$ cat upload.cif   # mmCIF, N, CA and C atoms
data_query
loop_
_atom_site.label_atom_id
_atom_site.label_comp_id
_atom_site.auth_asym_id
_atom_site.auth_seq_id
_atom_site.Cartn_x
_atom_site.Cartn_y
_atom_site.Cartn_z
N MET A 798 -35.60 152.43 38.80
CA MET A 798 -36.72 151.61 38.39
C MET A 798 -37.99 152.47 38.40
N PHE A 799 -38.93 152.13 37.55
CA PHE A 799 -40.18 152.86 37.36
C PHE A 799 -41.03 152.95 38.62
N LEU A 800 -41.03 151.92 39.46
CA LEU A 800 -41.83 151.96 40.69
C LEU A 800 -41.29 152.96 41.70
N SER A 801 -40.01 153.26 41.65
CA SER A 801 -39.42 154.25 42.55
C SER A 801 -40.10 155.61 42.37
N GLN A 802 -40.44 155.95 41.12
CA GLN A 802 -41.13 157.22 40.85
C GLN A 802 -42.48 157.27 41.55
N LEU A 803 -43.26 156.20 41.43
CA LEU A 803 -44.59 156.16 42.05
C LEU A 803 -44.52 156.22 43.57
N TYR A 804 -43.66 155.41 44.17
CA TYR A 804 -43.61 155.33 45.63
C TYR A 804 -42.91 156.54 46.26
N SER A 805 -41.95 157.15 45.58
CA SER A 805 -41.33 158.36 46.12
C SER A 805 -42.35 159.48 46.23
N GLY A 806 -43.23 159.59 45.25
CA GLY A 806 -44.29 160.59 45.30
C GLY A 806 -45.31 160.30 46.37
N THR A 807 -45.65 159.03 46.55
CA THR A 807 -46.64 158.63 47.56
C THR A 807 -46.12 158.86 48.98
N TYR A 808 -44.88 158.47 49.24
CA TYR A 808 -44.30 158.60 50.58
C TYR A 808 -43.66 159.97 50.81
N ASN A 809 -43.58 160.79 49.75
CA ASN A 809 -42.92 162.09 49.83
C ASN A 809 -41.50 161.95 50.41
N ALA A 810 -40.81 160.90 49.97
CA ALA A 810 -39.45 160.62 50.40
C ALA A 810 -38.76 159.84 49.28
N GLU A 811 -37.46 159.78 49.34
CA GLU A 811 -36.73 159.04 48.32
C GLU A 811 -36.83 157.54 48.58
N ILE A 812 -37.45 156.83 47.66
CA ILE A 812 -37.62 155.39 47.74
C ILE A 812 -36.84 154.76 46.60
N GLU A 813 -36.08 153.72 46.92
CA GLU A 813 -35.33 153.01 45.89
C GLU A 813 -35.87 151.58 45.81
N ILE A 814 -36.33 151.21 44.63
CA ILE A 814 -36.81 149.86 44.38
C ILE A 814 -35.97 149.26 43.28
N THR A 815 -35.31 148.16 43.57
CA THR A 815 -34.45 147.51 42.59
C THR A 815 -34.98 146.11 42.29
N ALA A 816 -34.80 145.69 41.05
CA ALA A 816 -35.30 144.39 40.61
C ALA A 816 -34.20 143.33 40.67
N ASP A 817 -34.64 142.09 40.94
CA ASP A 817 -33.75 140.94 40.79
C ASP A 817 -33.59 140.66 39.30
N LYS A 818 -32.87 139.62 39.00
CA LYS A 818 -32.60 139.27 37.61
C LYS A 818 -33.82 138.74 36.86
N ASN A 819 -34.82 138.27 37.57
CA ASN A 819 -35.95 137.59 36.93
C ASN A 819 -37.20 138.46 36.79
N GLU A 820 -37.08 139.63 36.20
CA GLU A 820 -38.23 140.50 35.96
C GLU A 820 -38.95 140.05 34.69
N THR A 821 -40.28 140.07 34.71
CA THR A 821 -41.07 139.63 33.56
C THR A 821 -41.89 140.79 33.03
N VAL A 822 -41.89 140.95 31.72
CA VAL A 822 -42.68 141.99 31.05
C VAL A 822 -43.66 141.30 30.12
N ASP A 823 -44.96 141.51 30.36
CA ASP A 823 -46.00 140.96 29.50
C ASP A 823 -46.69 142.11 28.77
N LYS A 824 -46.72 142.05 27.45
CA LYS A 824 -47.43 143.06 26.68
C LYS A 824 -48.92 142.86 26.88
N TYR A 825 -49.62 143.94 27.14
CA TYR A 825 -51.06 143.87 27.38
C TYR A 825 -51.81 144.63 26.28
N GLU A 826 -51.44 145.89 26.06
CA GLU A 826 -51.95 146.74 25.01
C GLU A 826 -53.48 146.74 24.90
N ASP A 827 -54.11 147.21 25.97
CA ASP A 827 -55.57 147.31 26.01
C ASP A 827 -55.96 148.39 27.01
N TYR A 828 -57.23 148.69 27.09
CA TYR A 828 -57.73 149.70 28.03
C TYR A 828 -58.30 149.03 29.27
N VAL A 829 -58.02 149.64 30.42
CA VAL A 829 -58.58 149.22 31.70
C VAL A 829 -59.19 150.47 32.33
N ASN A 830 -60.52 150.49 32.47
CA ASN A 830 -61.23 151.66 33.01
C ASN A 830 -60.81 152.95 32.31
N ASN A 831 -60.88 152.98 31.02
CA ASN A 831 -60.56 154.16 30.19
C ASN A 831 -59.10 154.58 30.25
N GLN A 832 -58.21 153.75 30.74
CA GLN A 832 -56.78 154.07 30.77
C GLN A 832 -56.03 153.00 29.99
N TYR A 833 -55.20 153.46 29.05
CA TYR A 833 -54.45 152.53 28.22
C TYR A 833 -53.32 151.90 29.03
N VAL A 834 -53.18 150.59 28.93
CA VAL A 834 -52.10 149.85 29.58
C VAL A 834 -51.31 149.14 28.48
N ALA A 835 -50.06 149.52 28.33
CA ALA A 835 -49.21 148.92 27.29
C ALA A 835 -48.64 147.58 27.73
N SER A 836 -48.25 147.51 29.02
CA SER A 836 -47.64 146.27 29.50
C SER A 836 -47.80 146.13 31.01
N VAL A 837 -47.58 144.92 31.49
CA VAL A 837 -47.60 144.61 32.92
C VAL A 837 -46.22 144.03 33.24
N ILE A 838 -45.60 144.60 34.27
CA ILE A 838 -44.26 144.16 34.67
C ILE A 838 -44.35 143.62 36.09
N TYR A 839 -43.73 142.47 36.35
CA TYR A 839 -43.75 141.91 37.69
C TYR A 839 -42.47 141.12 37.95
N GLY A 840 -42.18 140.93 39.24
CA GLY A 840 -40.99 140.20 39.61
C GLY A 840 -40.68 140.35 41.09
N LYS A 841 -39.45 140.03 41.44
CA LYS A 841 -38.97 140.14 42.82
C LYS A 841 -37.87 141.19 42.86
N GLY A 842 -37.73 141.82 44.03
CA GLY A 842 -36.72 142.86 44.16
C GLY A 842 -36.55 143.30 45.60
N TYR A 843 -36.08 144.54 45.76
CA TYR A 843 -35.81 145.11 47.08
C TYR A 843 -36.39 146.51 47.18
N PHE A 844 -36.90 146.85 48.35
CA PHE A 844 -37.50 148.15 48.67
C PHE A 844 -36.62 148.81 49.72
N LYS A 845 -36.11 150.01 49.44
CA LYS A 845 -35.23 150.70 50.39
C LYS A 845 -35.70 152.13 50.57
N GLN A 846 -36.04 152.47 51.82
CA GLN A 846 -36.40 153.84 52.18
C GLN A 846 -35.26 154.41 53.00
N GLN A 847 -34.96 155.68 52.79
CA GLN A 847 -33.84 156.32 53.47
C GLN A 847 -33.97 156.18 54.99
N GLY A 848 -32.92 155.69 55.62
CA GLY A 848 -32.89 155.53 57.07
C GLY A 848 -33.50 154.23 57.57
N LYS A 849 -33.93 153.36 56.66
CA LYS A 849 -34.55 152.09 57.06
C LYS A 849 -33.85 150.93 56.35
N ARG A 850 -34.06 149.73 56.87
CA ARG A 850 -33.45 148.54 56.27
C ARG A 850 -34.08 148.17 54.94
N LYS A 851 -33.29 147.57 54.08
CA LYS A 851 -33.78 147.09 52.80
C LYS A 851 -34.67 145.88 53.02
N GLN A 852 -35.80 145.80 52.29
CA GLN A 852 -36.74 144.69 52.43
C GLN A 852 -36.90 143.96 51.11
N LYS A 853 -37.01 142.63 51.17
CA LYS A 853 -37.31 141.84 49.98
C LYS A 853 -38.78 142.01 49.65
N ILE A 854 -39.07 142.18 48.35
CA ILE A 854 -40.45 142.40 47.92
C ILE A 854 -40.76 141.61 46.65
N MET A 855 -42.06 141.51 46.35
CA MET A 855 -42.57 141.11 45.05
C MET A 855 -43.34 142.33 44.56
N TYR A 856 -43.29 142.60 43.27
CA TYR A 856 -43.94 143.80 42.76
C TYR A 856 -44.67 143.53 41.45
N MET A 857 -45.61 144.44 41.15
CA MET A 857 -46.35 144.42 39.90
C MET A 857 -46.61 145.86 39.51
N CYS A 858 -46.51 146.15 38.22
CA CYS A 858 -46.68 147.52 37.76
C CYS A 858 -47.31 147.51 36.37
N THR A 859 -48.27 148.41 36.13
CA THR A 859 -48.79 148.60 34.79
C THR A 859 -48.13 149.84 34.19
N MET A 860 -47.90 149.80 32.90
CA MET A 860 -47.21 150.89 32.21
C MET A 860 -48.14 151.55 31.20
N LYS A 861 -48.19 152.89 31.20
CA LYS A 861 -48.99 153.65 30.23
C LYS A 861 -48.43 153.46 28.83
N ASP A 862 -47.13 153.60 28.73
CA ASP A 862 -46.40 153.29 27.52
C ASP A 862 -45.25 152.41 28.00
N TYR A 863 -44.22 152.30 27.28
CA TYR A 863 -43.15 151.41 27.72
C TYR A 863 -42.11 152.13 28.59
N LYS A 864 -42.43 153.36 29.03
CA LYS A 864 -41.50 154.13 29.87
C LYS A 864 -42.15 154.71 31.12
N THR A 865 -43.47 154.88 31.12
CA THR A 865 -44.15 155.60 32.20
C THR A 865 -45.06 154.67 33.00
N PRO A 866 -44.82 154.55 34.32
CA PRO A 866 -45.70 153.71 35.15
C PRO A 866 -47.03 154.40 35.42
N SER A 867 -48.11 153.61 35.47
CA SER A 867 -49.41 154.18 35.79
C SER A 867 -49.93 153.68 37.14
N TRP A 868 -49.57 152.46 37.51
CA TRP A 868 -50.02 151.87 38.77
C TRP A 868 -48.99 150.83 39.19
N GLY A 869 -48.76 150.71 40.49
CA GLY A 869 -47.83 149.71 40.97
C GLY A 869 -48.21 149.23 42.36
N TYR A 870 -47.82 148.01 42.66
CA TYR A 870 -48.11 147.44 43.96
C TYR A 870 -46.92 146.61 44.42
N VAL A 871 -46.60 146.72 45.70
CA VAL A 871 -45.45 146.04 46.28
C VAL A 871 -45.93 145.18 47.46
N LEU A 872 -45.49 143.92 47.50
CA LEU A 872 -45.80 143.00 48.59
C LEU A 872 -44.51 142.52 49.24
N PRO A 873 -44.46 142.43 50.58
CA PRO A 873 -43.26 141.86 51.22
C PRO A 873 -43.18 140.36 50.93
N ARG A 874 -41.93 139.88 50.84
CA ARG A 874 -41.72 138.42 50.64
C ARG A 874 -41.46 137.77 51.96
#

$ encode --input "upload.cif" --output "structure tokens"
Amino acid sequence: MFLSQLYSGTYNAEIEITADKNETVDKYEDYVNNQYVASVIYGKGYFKQQGKRKQKIMYMCTMKDYKTPSWGYVLPR
């Protein structure tokens, strides 16, 4: 998942974020603070860090294009 890339770099560790079946993609296609945002993706899933228990989460992510994440946020459920 795209958020795994962002959080693995932030934590400097392998992070696995998986989505539930109900992920939503909303096309945005506009600029936010001089950065293009193609879409906003949000839903529920799981956050797993190596050596720790899997946690249920809610997440939101903005995409630069339809493949590259630019910003993401994860909240525990």

$ resolve_selection --input "upload.cif" --expression "the PyMOL selection byres ((chain A and resi 826-842) around 6)" --output "PyMOL selection string"
chain A and resi 815-817+819-825+843-844+852-862

$ select_by_dssp --input "upload.cif" --residues "chain A" --states "alpha helix (DSSP H)" --output "list in words"
Phe799, Leu800, Ser801, Gln802, Leu803, Tyr804, Ser805, Gly806, Thr807 and Tyr808 of chain A

$ atom_distance --input "upload.cif" --atom1 "atom CA of Ser867 of chain A" --atom2 "atom CA of Lys818 of chain A"
22.5 Å

$ residues_around --input "upload.cif" --residues "Phe799 of chain A" --least-positions-apart "4" --cutoff "8 Å" --atoms "all atoms listed in the file" --output "list in words"
Leu803, Tyr804, Ile814, Cys858, Lys864, Thr865, Pro866, Ser867 and Gly869 of chain A

$ atom_distance --input "upload.cif" --atom1 "atom N of Arg850 of chain A" --atom2 "atom C of Val871 of chain A"
15.8 Å

$ atom_distance --input "upload.cif" --atom1 "atom CA of Ala810 of chain A" --atom2 "atom CA of Tyr863 of chain A"
24.8 Å

$ closest_residue --input "upload.cif" --among "A:Leu800, A:Glu811, A:Lys849, A:Ser805" --to "Trp868 of chain A" --atoms "only N, CA and C atoms"
A:Leu800

$ resolve_selection --input "upload.cif" --expression "the PyMOL selection byres ((chain A and resi 847) around 6.5)" --output "list in words"
Glu811, Ile812, Glu813, Lys845, Gln846, Gly848 and Lys849 of chain A

$ select_by_dssp --input "upload.cif" --residues "chain A" --states "strand (DSSP E)" --output "ChimeraX atom specification"
/A:812-816,821-829,832-846,852-860,866-873
